[in-house]
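**Q** Next comes protein_2.csv, CSV, C-alpha atoms:
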chain,number,residue,atom,x,y,z
J,1453,MET,CA,129.3,83.3,112.7
J,1454,GLN,CA,130.3,80.1,111.0
J,1455,THR,CA,130.4,80.2,107.3
J,1456,ASN,CA,129.2,76.7,106.8
J,1457,VAL,CA,125.7,77.4,108.2
J,1458,MET,CA,123.9,76.2,105.1
J,1459,SER,CA,125.7,72.9,105.1
J,1460,ASP,CA,124.6,72.5,108.7
J,1461,MET,CA,121.0,73.2,107.8
J,1462,ILE,CA,120.8,71.2,104.6
J,1463,GLU,CA,122.2,67.8,103.6
J,1464,LEU,CA,122.6,67.9,99.9
J,1465,ASN,CA,123.6,64.3,99.1
J,1466,GLY,CA,125.3,65.6,96.0
J,1467,LYS,CA,122.3,67.7,95.0
J,1468,ASP,CA,121.5,71.3,94.9
J,1469,LEU,CA,118.3,73.1,96.0
J,1470,GLY,CA,117.2,73.6,92.4
J,1471,ARG,CA,116.0,76.9,90.8
J,1472,ALA,CA,114.5,78.3,93.9
J,1473,LEU,CA,112.4,81.2,95.1
J,1474,CYS,CA,114.0,81.7,98.5
J,1475,ILE,CA,112.3,84.1,101.0
J,1476,ILE,CA,114.3,85.1,104.0
J,1477,THR,CA,113.0,87.3,106.8
J,1478,GLY,CA,115.3,89.2,109.1
J,1479,ALA,CA,117.8,89.1,106.3
J,1480,SER,CA,119.7,92.4,107.0
J,1481,LYS,CA,121.7,91.3,110.0
J,1482,GLY,CA,123.0,88.4,112.0
J,1483,PHE,CA,122.0,84.9,111.2
J,1484,GLY,CA,119.5,85.9,108.5
J,1485,ARG,CA,122.2,87.9,106.7
J,1486,THR,CA,124.5,84.9,106.9
J,1487,ILE,CA,121.8,82.6,105.3
J,1488,ALA,CA,121.3,85.2,102.6
J,1489,LYS,CA,125.0,85.2,101.7
J,1490,GLU,CA,125.5,81.4,102.0
J,1491,ILE,CA,122.4,79.9,100.3
J,1492,PRO,CA,123.1,81.1,96.7
J,1493,ARG,CA,125.9,78.5,96.6
J,1494,PHE,CA,123.3,75.8,96.6
J,1495,LEU,CA,120.9,77.3,94.1
J,1496,LYS,CA,120.7,76.9,90.4
J,1497,GLN,CA,120.9,79.7,87.8
J,1498,ARG,CA,118.2,82.3,87.7
J,1499,SER,CA,117.1,81.6,91.3
J,1500,VAL,CA,115.4,84.5,93.1
J,1501,LEU,CA,116.1,85.7,96.7
J,1502,VAL,CA,113.5,87.9,98.4
J,1503,LEU,CA,115.1,89.5,101.4
J,1504,ALA,CA,112.9,91.1,104.0
J,1505,ALA,CA,113.9,93.3,106.9
J,1506,ARG,CA,113.2,96.7,108.5
J,1507,SER,CA,116.5,98.4,107.7
J,1508,ALA,CA,116.7,99.6,104.1
J,1509,ASP,CA,120.4,100.5,104.4
J,1510,HIS,CA,121.4,97.1,105.7
J,1511,LEU,CA,119.4,95.3,103.0
J,1512,ARG,CA,121.2,97.4,100.4
J,1513,ASP,CA,124.5,96.3,101.9
J,1514,VAL,CA,123.5,92.6,101.6
J,1515,GLN,CA,122.3,93.1,98.1
J,1516,ALA,CA,125.6,94.8,97.2
J,1517,GLU,CA,127.6,91.9,98.7
J,1518,LEU,CA,125.6,89.4,96.7
J,1519,ALA,CA,126.0,91.4,93.5
J,1520,ALA,CA,129.8,91.3,94.0
J,1521,SER,CA,129.8,87.6,94.7
J,1522,GLU,CA,130.1,84.5,92.5
J,1523,ALA,CA,126.4,84.0,92.7
J,1524,ASN,CA,125.7,87.1,90.6
J,1525,LYS,CA,127.5,85.5,87.7
J,1526,PHE,CA,124.8,82.8,87.5
J,1527,GLY,CA,121.9,85.2,87.2
J,1528,LEU,CA,120.8,85.3,90.8
J,1529,VAL,CA,118.0,87.9,91.2
J,1530,THR,CA,117.9,89.6,94.6
J,1531,ARG,CA,114.8,91.6,95.6
J,1532,CYS,CA,114.8,93.6,98.9
J,1533,VAL,CA,111.6,94.3,100.8
J,1534,VAL,CA,111.7,96.9,103.5
J,1535,ALA,CA,109.0,95.7,105.9
J,1536,ASP,CA,108.0,95.7,109.5
J,1537,LEU,CA,106.6,92.2,110.0
J,1538,ALA,CA,104.9,93.3,113.2
J,1539,MET,CA,102.4,95.1,110.9
J,1540,LYS,CA,99.9,93.6,108.5
J,1541,GLU,CA,101.2,95.8,105.7
J,1542,GLY,CA,104.7,94.4,106.2
J,1543,VAL,CA,103.6,90.8,105.9
J,1544,GLU,CA,101.5,91.6,102.8
J,1545,SER,CA,104.4,93.4,101.2
J,1546,VAL,CA,106.6,90.3,101.4
J,1547,ILE,CA,103.9,88.1,100.0
J,1548,SER,CA,103.3,90.6,97.2
J,1549,ALA,CA,107.0,90.5,96.3
J,1550,ALA,CA,107.0,86.7,96.3
J,1551,LYS,CA,103.9,86.6,94.0
J,1552,LYS,CA,105.8,88.6,91.3
J,1553,VAL,CA,107.9,85.4,90.8
J,1554,SER,CA,106.2,82.9,88.5
J,1555,SER,CA,106.0,79.4,90.0
J,1556,GLU,CA,106.5,78.1,86.4
J,1557,ASP,CA,110.1,79.5,86.5
J,1558,MET,CA,110.9,77.8,89.8
J,1559,ASP,CA,111.1,74.2,91.0
J,1560,HIS,CA,111.6,74.9,94.7
J,1561,LEU,CA,110.0,77.3,97.1
J,1562,ILE,CA,112.0,78.0,100.3
J,1563,LEU,CA,110.7,80.2,103.1
J,1564,VAL,CA,113.1,80.9,106.0
J,1565,ASN,CA,111.3,82.4,109.0
J,1566,ASN,CA,114.2,84.0,110.7
J,1567,ALA,CA,112.8,87.4,111.9
J,1568,ALA,CA,112.4,87.5,115.7
J,1569,SER,CA,113.1,89.7,118.7
J,1570,LEU,CA,114.7,88.9,122.0
J,1571,GLY,CA,112.2,91.0,124.1
J,1572,ASN,CA,112.8,92.2,127.6
J,1573,VAL,CA,115.0,89.7,129.4
J,1574,SER,CA,115.5,91.7,132.6
J,1575,ARG,CA,112.0,91.1,134.0
J,1576,TYR,CA,110.2,88.1,135.5
J,1577,ALA,CA,106.9,86.8,134.3
J,1578,GLN,CA,104.9,88.4,137.1
J,1579,THR,CA,105.8,91.9,136.0
J,1580,PHE,CA,104.2,91.6,132.5
J,1581,THR,CA,100.8,93.1,133.5
J,1582,ASN,CA,100.5,95.3,130.3
J,1583,ILE,CA,98.5,93.2,127.8
J,1584,ALA,CA,99.4,95.6,125.0
J,1585,GLU,CA,103.2,95.0,125.6
J,1586,VAL,CA,102.8,91.2,125.6
J,1587,ASP,CA,100.5,91.3,122.5
J,1588,SER,CA,103.0,93.4,120.6
J,1589,TYR,CA,105.8,90.9,121.3
J,1590,LEU,CA,103.6,87.9,120.4
J,1591,SER,CA,102.3,89.6,117.2
J,1592,PHE,CA,105.7,90.1,115.8
J,1593,ASN,CA,107.2,86.8,116.9
J,1594,ILE,CA,104.3,84.4,116.4
J,1595,SER,CA,101.4,85.9,114.5
J,1596,SER,CA,103.5,87.4,111.7
J,1597,ALA,CA,105.3,84.1,111.1
J,1598,LEU,CA,102.0,82.2,110.8
J,1599,SER,CA,100.4,84.8,108.6
J,1600,LEU,CA,103.4,85.1,106.3
J,1601,THR,CA,103.8,81.3,106.0
J,1602,ALA,CA,100.1,80.9,105.2
J,1603,GLY,CA,100.2,83.7,102.6
J,1604,VAL,CA,103.2,82.3,100.9
J,1605,LEU,CA,101.9,78.7,100.8
J,1606,GLN,CA,98.5,80.0,99.4
J,1607,ALA,CA,100.4,81.9,96.7
J,1608,PHE,CA,102.4,78.8,95.8
J,1609,PRO,CA,100.0,75.9,96.3
J,1610,LYS,CA,100.9,72.2,96.2
J,1611,SER,CA,102.1,71.2,92.7
J,1612,PRO,CA,103.9,68.1,91.4
J,1613,SER,CA,106.5,70.4,89.8
J,1614,LEU,CA,107.2,72.5,92.9
J,1615,ARG,CA,109.1,71.4,96.0
J,1616,ARG,CA,108.1,73.5,99.1
J,1617,SER,CA,110.3,73.9,102.2
J,1618,VAL,CA,109.6,76.0,105.3
J,1619,VAL,CA,112.3,76.7,107.8
J,1620,ASN,CA,111.7,78.1,111.3
J,1621,ILE,CA,114.8,79.5,113.0
J,1622,SER,CA,114.3,78.1,116.5
J,1623,SER,CA,116.2,77.8,119.8
J,1624,LEU,CA,116.6,75.4,122.6
J,1625,CYS,CA,114.8,78.1,124.6
J,1626,ALA,CA,111.8,76.6,123.1
J,1627,LEU,CA,112.4,73.5,125.2
J,1628,GLN,CA,114.2,74.9,128.3
J,1629,PRO,CA,112.6,77.5,130.6
J,1630,ILE,CA,114.9,80.4,131.4
J,1631,PRO,CA,114.2,82.8,134.3
J,1632,SER,CA,113.3,86.3,133.0
J,1633,TRP,CA,113.1,85.1,129.4
J,1634,VAL,CA,109.4,84.4,129.5
J,1635,LEU,CA,108.6,86.3,126.3
J,1636,TYR,CA,111.5,84.7,124.3
J,1637,CYS,CA,110.9,81.2,125.5
J,1638,THR,CA,107.2,81.5,125.0
J,1639,GLY,CA,107.6,82.8,121.5
J,1640,LYS,CA,110.1,80.1,120.4
J,1641,ALA,CA,108.0,77.3,121.9
J,1642,ALA,CA,104.8,78.5,120.2
J,1643,ARG,CA,106.6,78.8,116.9
J,1644,ASP,CA,108.0,75.3,117.2
J,1645,MET,CA,104.5,73.9,117.8
J,1646,MET,CA,103.0,76.0,115.1
J,1647,PHE,CA,105.4,74.5,112.5
J,1648,ARG,CA,104.9,71.0,113.9
J,1649,VAL,CA,101.2,71.3,113.2
J,1650,LEU,CA,101.9,72.7,109.7
J,1651,ALA,CA,104.1,69.6,109.0
J,1652,GLU,CA,101.2,67.3,110.0
J,1653,GLU,CA,98.7,69.3,108.0
J,1654,GLU,CA,100.7,69.5,104.8
J,1655,PRO,CA,102.5,66.2,104.1
J,1656,ASP,CA,104.1,67.5,100.9
J,1657,LEU,CA,106.0,70.2,102.8
J,1658,ARG,CA,109.6,69.8,104.1
J,1659,VAL,CA,109.3,71.6,107.5
J,1660,LEU,CA,112.3,72.3,109.7
J,1661,ASN,CA,112.7,73.8,113.2
J,1662,TYR,CA,116.4,74.7,113.3
J,1663,ALA,CA,118.3,75.9,116.3
J,1664,PRO,CA,121.6,77.2,115.1
J,1665,GLY,CA,123.4,77.4,118.4
J,1666,LYS,CA,124.8,80.4,120.4
J,1667,LEU,CA,124.9,83.4,118.2
J,1668,GLU,CA,127.3,86.3,118.4
J,1669,ARG,CA,124.8,88.7,120.0
J,1670,VAL,CA,124.3,86.3,123.0
J,1671,GLN,CA,128.0,85.7,123.3
J,1672,THR,CA,128.6,89.5,123.3
J,1673,LEU,CA,126.1,90.0,126.0
J,1674,ILE,CA,127.5,87.2,128.1
J,1675,HIS,CA,131.0,88.7,128.0
J,1676,HIS,CA,129.9,92.3,128.1
J,1677,GLY,CA,132.7,93.8,130.2
J,1678,GLY,CA,132.6,90.9,132.6
J,1679,LYS,CA,130.2,92.9,134.7
J,1680,LEU,CA,127.1,90.7,134.6
J,1681,PRO,CA,125.9,89.7,138.1
J,1682,SER,CA,125.9,86.0,138.9
J,1683,GLU,CA,122.1,85.9,138.9
J,1684,HIS,CA,121.8,87.5,135.4
J,1685,PRO,CA,119.8,85.3,133.0
J,1686,LEU,CA,122.6,85.3,130.4
J,1687,ILE,CA,125.0,83.8,133.1
J,1688,TYR,CA,122.3,81.3,133.7
J,1689,LEU,CA,122.2,80.4,130.0
J,1690,GLN,CA,125.9,79.9,130.0
J,1691,LYS,CA,125.8,77.6,132.9
J,1692,MET,CA,122.8,75.7,131.4
J,1693,GLU,CA,124.5,75.0,128.0
J,1694,PRO,CA,125.6,71.4,129.0
J,1695,THR,CA,121.9,70.7,129.8
J,1696,PHE,CA,120.8,72.0,126.5
J,1697,ARG,CA,123.1,69.7,124.7
J,1698,LYS,CA,121.6,66.7,126.5
J,1699,CYS,CA,117.9,67.6,125.8
J,1700,SER,CA,115.9,64.5,125.0
J,1701,GLY,CA,112.6,64.2,123.1
J,1702,THR,CA,112.7,64.8,119.3
J,1703,ALA,CA,116.1,66.6,119.2
J,1704,VAL,CA,118.7,65.2,117.0
J,1705,GLU,CA,122.4,65.2,117.7
J,1706,PRO,CA,124.4,68.4,117.5
J,1707,HIS,CA,125.9,69.1,114.0
J,1708,ARG,CA,123.7,66.5,112.4
J,1709,PRO,CA,122.4,68.2,109.2
J,1710,ALA,CA,118.7,68.3,108.6
J,1711,GLU,CA,117.4,67.3,105.1
J,1712,LEU,CA,115.6,69.6,102.8
J,1713,SER,CA,116.9,68.5,99.4
J,1714,SER,CA,116.6,64.7,99.4
J,1715,LYS,CA,113.6,63.4,101.4
J,1716,ARG,CA,111.2,64.3,104.2
J,1717,ALA,CA,112.5,62.0,106.8
J,1718,CYS,CA,110.7,63.7,109.7
J,1719,PRO,CA,108.1,66.4,109.8
J,1720,VAL,CA,110.2,68.6,112.1
J,1721,GLN,CA,113.8,68.2,113.4
J,1722,GLU,CA,115.3,70.2,116.2
J,1723,LEU,CA,119.1,70.6,116.4
J,1724,SER,CA,120.2,70.6,120.0
J,1725,SER,CA,123.3,72.7,119.5
J,1726,GLY,CA,122.9,75.5,122.0
J,1727,ILE,CA,121.1,78.8,122.3
J,1728,ALA,CA,119.8,80.7,119.3
Starting from the file, lay out its structure as C-alpha cells.

**A**
Amino acid sequence: MQTNVMSDMIELNGKDLGRALCIITGASKGFGRTIAKEIPRFLKQRSVLVLAARSADHLRDVQAELAASEANKFGLVTRCVVADLAMKEGVESVISAAKKVSSEDMDHLILVNNAASLGNVSRYAQTFTNIAEVDSYLSFNISSALSLTAGVLQAFPKSPSLRRSVVNISSLCALQPIPSWVLYCTGKAARDMMFRVLAEEEPDLRVLNYAPGKLERVQTLIHHGGKLPSEHPLIYLQKMEPTFRKCSGTAVEPHRPAELSSKRACPVQELSSGIA
C-alpha cells in the first residue's frame, strides 16, 4: 500500500484540512486503515477521528498506532466504533458517535465511505436466484452507505462555518463490467451514481468518488500460487487493466489529485488508476 494515499486523494495547495471531524468506515484493515493512519498529517490540532469497523481487535491496533504517532502530540482524539454497517444498529452507532462531537469545535466534516465487501466472484449473474443473498450484499454495500451519509449530514447541517466533504471509495469496476463480478460491479456503480446525485442536490458539499487503484488483496489473489485458471475473473481483470486506464467519460488522469481543501471544481471526480 502506498503511503502517500492522502496526497493522491487531496490537493492541499499549501493548506490543511482544518480542525476536522473525520469519520472513516472500514477503518480496521486495508485501504481504510491506511487512510486512518495518513489523514492526521493533514489535520489541525484537536481534530477527531471516528473509526468504524466490525473488528474490535483491529480497531484497537489502529488506535494504538495513532497514539504512538506524531499526531497524538497535537491532541488528536480517536474514537473507535465497533459496528456492523449491514445492520441498522451499526449505522446508528456510528452516527451517534459523531454526534458527540460539537460542530462548534470543528470547521470541517469529512466522511469517508470505505466499508465494502467483494462478494462472491466465482459465480455468474444467472446463478443469483436467492433474493435474500442479493439483498444482503446490496444492503451492506449500498443502503448502509446512503443511510450513514444521510444521517451524518443531518447531524451536521449546512453552515457558513463548517466545510463538509464526503468521499466514496470507488473502483473502475463501477464503469467496466467484469464476468462473475456482478455483485461488486453493481454495488460500485450504484454507489457512484448515489454520490453523483448527492453532489447535485447539495451544492455546498465537496463530493468525491475515488478509485485508489489495485489494492493488495486483489494483487494477492491474482498471484495466488500461480494456480488461477486462464478464465478466472481475476486473470480477466489483470488483462483488462490497460483498458481501465483508458476509460473515457468523466474520469480524470491517473495520479491527478482530487480537490477537497481548496475548491469544489467538479461535483464528482473519478480517478482512472486501476482496480479498487

**Q** Go through J:Asp1536, J:Asp1587, J:Asp1509, J:Asp1468 and flag the residue nearest Leu1495 (chain J), using all atoms listed in the file for the distances.

**A**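 Smallest distance to Leu1495 (chain J) is found for J:Asp1468.
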
**Q** Give me, as a list in words, all polymer residues having an atom no more than 9 Å from region 1492-1494 of chain J, counting only C-alpha atoms and skipping those fewer than 3 positions away in the same chain.

**A**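 Using only C-alpha atoms, the neighbours found are Met1458, Leu1464, Lys1467, Asp1468, Leu1469, Gly1470, Ile1487, Ala1488, Lys1489, Ser1499, Leu1501, Leu1518, Glu1522, Ala1523, Asn1524 and Leu1528 of chain J.
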
**Q** Would you compute the distance between CA of Asn1565 (chain J) and CA of Arg1506 (chain J)? Give it in Å to one decimal.

**A**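 Distance between the two atoms: 14.4 Å.
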
**Q** Tell me, counting all atoms listed in the file, for each residue of region 1569-1598 of chain J within 10 Å of region 1623-1639 of chain J, which pair of atoms is nearest and how far apart they are in Å to one decimal, in rows ordered by chain and increasing number, as a tab-separated table.

**A**
residue	atom	partner	partner_atom	distance
J:Ser1569	CA	J:Tyr1636	CA	7.7
J:Leu1570	CA	J:Tyr1636	CA	5.8
J:Gly1571	CA	J:Leu1635	CA	6.3
J:Asn1572	CA	J:Trp1633	CA	7.3
J:Val1573	CA	J:Trp1633	CA	5.0
J:Ser1574	CA	J:Ser1632	CA	5.8
J:Arg1575	CA	J:Ser1632	CA	5.1
J:Tyr1576	CA	J:Ser1632	CA	4.4
J:Ala1577	CA	J:Val1634	CA	5.9
J:Gln1578	CA	J:Ser1632	CA	9.6
J:Thr1579	CA	J:Ser1632	CA	9.8
J:Phe1580	CA	J:Leu1635	CA	9.3
J:Val1586	CA	J:Leu1635	CA	7.6
J:Tyr1589	CA	J:Leu1635	CA	7.3
J:Leu1590	CA	J:Gly1639	CA	6.6
J:Ser1591	CA	J:Gly1639	CA	9.6
J:Phe1592	CA	J:Gly1639	CA	9.5
J:Asn1593	CA	J:Gly1639	CA	6.1
J:Ile1594	CA	J:Gly1639	CA	6.3
J:Ser1595	CA	J:Gly1639	CA	9.9

**Q** If you measure from CA of Val1619 (chain J) to CA of Asp1559 (chain J), what distance in Å do you get, rounded to one decimal?

**A** 17.0 Å

**Q** If I take CA of Asp1513 (chain J) and CA of Ser1480 (chain J), how far is one from the other in Å, to one decimal?

**A**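 Straight-line distance from CA of Asp1513 (chain J) to CA of Ser1480 (chain J) works out to 8.0 Å.
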
**Q** Give the answer as one residue: which of J:Ser1521, J:Thr1486, J:Ser1548, J:Asn1566 has the shortest atom-to-atom distance to Ser1622 (chain J), using only C-alpha atoms?

**A**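 Of all the options, J:Asn1566 lies closest to Ser1622 (chain J).
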
**Q** Would you save region 1643-1654 of chain J to a file, keeping all heavy atoms, as an mmCIF file, in the first residue's frame?

**A**
data_model
loop_
_atom_site.group_PDB
_atom_site.id
_atom_site.type_symbol
_atom_site.label_atom_id
_atom_site.label_comp_id
_atom_site.auth_asym_id
_atom_site.auth_seq_id
_atom_site.Cartn_x
_atom_site.Cartn_y
_atom_site.Cartn_z
ATOM 1 N N ARG J 1643 -23.212 2.976 -6.053
ATOM 2 C CA ARG J 1643 -22.678 3.950 -5.107
ATOM 3 C C ARG J 1643 -22.162 5.185 -5.831
ATOM 4 O O ARG J 1643 -22.373 6.325 -5.380
ATOM 5 C CB ARG J 1643 -21.571 3.317 -4.262
ATOM 6 C CG ARG J 1643 -22.115 2.536 -3.103
ATOM 7 C CD ARG J 1643 -21.071 1.771 -2.335
ATOM 8 N NE ARG J 1643 -20.033 2.575 -1.730
ATOM 9 C CZ ARG J 1643 -19.458 2.297 -0.562
ATOM 10 N NH1 ARG J 1643 -19.869 1.230 0.132
ATOM 11 N NH2 ARG J 1643 -18.484 3.038 -0.079
ATOM 12 N N ASP J 1644 -21.501 5.005 -6.956
ATOM 13 C CA ASP J 1644 -21.029 6.162 -7.717
ATOM 14 C C ASP J 1644 -22.188 7.082 -8.089
ATOM 15 O O ASP J 1644 -22.119 8.301 -7.924
ATOM 16 C CB ASP J 1644 -20.305 5.704 -8.984
ATOM 17 C CG ASP J 1644 -18.836 5.415 -8.734
ATOM 18 O OD1 ASP J 1644 -18.458 5.224 -7.560
ATOM 19 O OD2 ASP J 1644 -18.067 5.373 -9.710
ATOM 20 N N MET J 1645 -23.255 6.504 -8.606
ATOM 21 C CA MET J 1645 -24.403 7.312 -9.004
ATOM 22 C C MET J 1645 -25.071 7.954 -7.802
ATOM 23 O O MET J 1645 -25.514 9.119 -7.864
ATOM 24 C CB MET J 1645 -25.413 6.467 -9.778
ATOM 25 C CG MET J 1645 -26.634 7.244 -10.265
ATOM 26 S SD MET J 1645 -26.204 8.739 -11.219
ATOM 27 C CE MET J 1645 -25.533 7.996 -12.715
ATOM 28 N N MET J 1646 -25.128 7.225 -6.721
ATOM 29 C CA MET J 1646 -25.721 7.755 -5.498
ATOM 30 C C MET J 1646 -25.020 9.043 -5.068
ATOM 31 O O MET J 1646 -25.660 10.052 -4.744
ATOM 32 C CB MET J 1646 -25.612 6.706 -4.395
ATOM 33 C CG MET J 1646 -26.247 7.073 -3.084
ATOM 34 S SD MET J 1646 -26.296 5.624 -2.004
ATOM 35 C CE MET J 1646 -24.554 5.474 -1.570
ATOM 36 N N PHE J 1647 -23.682 9.041 -5.121
ATOM 37 C CA PHE J 1647 -22.939 10.223 -4.693
ATOM 38 C C PHE J 1647 -22.928 11.310 -5.757
ATOM 39 O O PHE J 1647 -22.778 12.493 -5.440
ATOM 40 C CB PHE J 1647 -21.525 9.827 -4.258
ATOM 41 C CG PHE J 1647 -21.519 9.107 -2.939
ATOM 42 C CD1 PHE J 1647 -21.400 7.735 -2.879
ATOM 43 C CD2 PHE J 1647 -21.694 9.815 -1.762
ATOM 44 C CE1 PHE J 1647 -21.437 7.066 -1.660
ATOM 45 C CE2 PHE J 1647 -21.719 9.166 -0.539
ATOM 46 C CZ PHE J 1647 -21.602 7.776 -0.480
ATOM 47 N N ARG J 1648 -23.125 10.946 -7.014
ATOM 48 C CA ARG J 1648 -23.306 11.962 -8.050
ATOM 49 C C ARG J 1648 -24.594 12.742 -7.786
ATOM 50 O O ARG J 1648 -24.635 13.971 -7.904
ATOM 51 C CB ARG J 1648 -23.378 11.307 -9.432
ATOM 52 C CG ARG J 1648 -22.045 10.834 -9.990
ATOM 53 C CD ARG J 1648 -22.273 10.190 -11.367
ATOM 54 N NE ARG J 1648 -21.032 9.753 -11.956
ATOM 55 C CZ ARG J 1648 -20.221 10.534 -12.686
ATOM 56 N NH1 ARG J 1648 -20.540 11.792 -12.884
ATOM 57 N NH2 ARG J 1648 -19.103 10.048 -13.187
ATOM 58 N N VAL J 1649 -25.640 12.009 -7.447
ATOM 59 C CA VAL J 1649 -26.916 12.661 -7.140
ATOM 60 C C VAL J 1649 -26.767 13.556 -5.922
ATOM 61 O O VAL J 1649 -27.265 14.694 -5.901
ATOM 62 C CB VAL J 1649 -28.014 11.601 -6.908
ATOM 63 C CG1 VAL J 1649 -29.298 12.258 -6.382
ATOM 64 C CG2 VAL J 1649 -28.305 10.842 -8.199
ATOM 65 N N LEU J 1650 -26.085 13.062 -4.904
ATOM 66 C CA LEU J 1650 -25.858 13.866 -3.702
ATOM 67 C C LEU J 1650 -25.147 15.176 -4.041
ATOM 68 O O LEU J 1650 -25.491 16.241 -3.521
ATOM 69 C CB LEU J 1650 -25.031 13.063 -2.690
ATOM 70 C CG LEU J 1650 -24.655 13.787 -1.398
ATOM 71 C CD1 LEU J 1650 -25.898 14.119 -0.585
ATOM 72 C CD2 LEU J 1650 -23.675 12.940 -0.579
ATOM 73 N N ALA J 1651 -24.156 15.101 -4.916
ATOM 74 C CA ALA J 1651 -23.419 16.307 -5.304
ATOM 75 C C ALA J 1651 -24.320 17.325 -5.992
ATOM 76 O O ALA J 1651 -24.168 18.536 -5.809
ATOM 77 C CB ALA J 1651 -22.256 15.929 -6.221
ATOM 78 N N GLU J 1652 -25.270 16.836 -6.775
ATOM 79 C CA GLU J 1652 -26.203 17.741 -7.448
ATOM 80 C C GLU J 1652 -27.186 18.338 -6.457
ATOM 81 O O GLU J 1652 -27.588 19.502 -6.584
ATOM 82 C CB GLU J 1652 -26.962 16.988 -8.544
ATOM 83 C CG GLU J 1652 -26.097 16.539 -9.713
ATOM 84 C CD GLU J 1652 -25.510 17.713 -10.473
ATOM 85 O OE1 GLU J 1652 -26.188 18.756 -10.598
ATOM 86 O OE2 GLU J 1652 -24.362 17.594 -10.939
ATOM 87 N N GLU J 1653 -27.586 17.551 -5.468
ATOM 88 C CA GLU J 1653 -28.587 18.009 -4.508
ATOM 89 C C GLU J 1653 -28.019 18.991 -3.485
ATOM 90 O O GLU J 1653 -28.750 19.862 -2.992
ATOM 91 C CB GLU J 1653 -29.175 16.805 -3.761
ATOM 92 C CG GLU J 1653 -30.008 15.883 -4.631
ATOM 93 C CD GLU J 1653 -30.494 14.668 -3.875
ATOM 94 O OE1 GLU J 1653 -29.926 14.368 -2.791
ATOM 95 O OE2 GLU J 1653 -31.435 14.005 -4.353
ATOM 96 N N GLU J 1654 -26.741 18.844 -3.147
ATOM 97 C CA GLU J 1654 -26.138 19.635 -2.076
ATOM 98 C C GLU J 1654 -24.925 20.397 -2.620
ATOM 99 O O GLU J 1654 -23.778 19.957 -2.492
ATOM 100 C CB GLU J 1654 -25.714 18.724 -0.915
ATOM 101 C CG GLU J 1654 -26.819 17.839 -0.371
ATOM 102 C CD GLU J 1654 -27.891 18.634 0.361
ATOM 103 O OE1 GLU J 1654 -27.594 19.769 0.803
ATOM 104 O OE2 GLU J 1654 -29.022 18.129 0.486
#
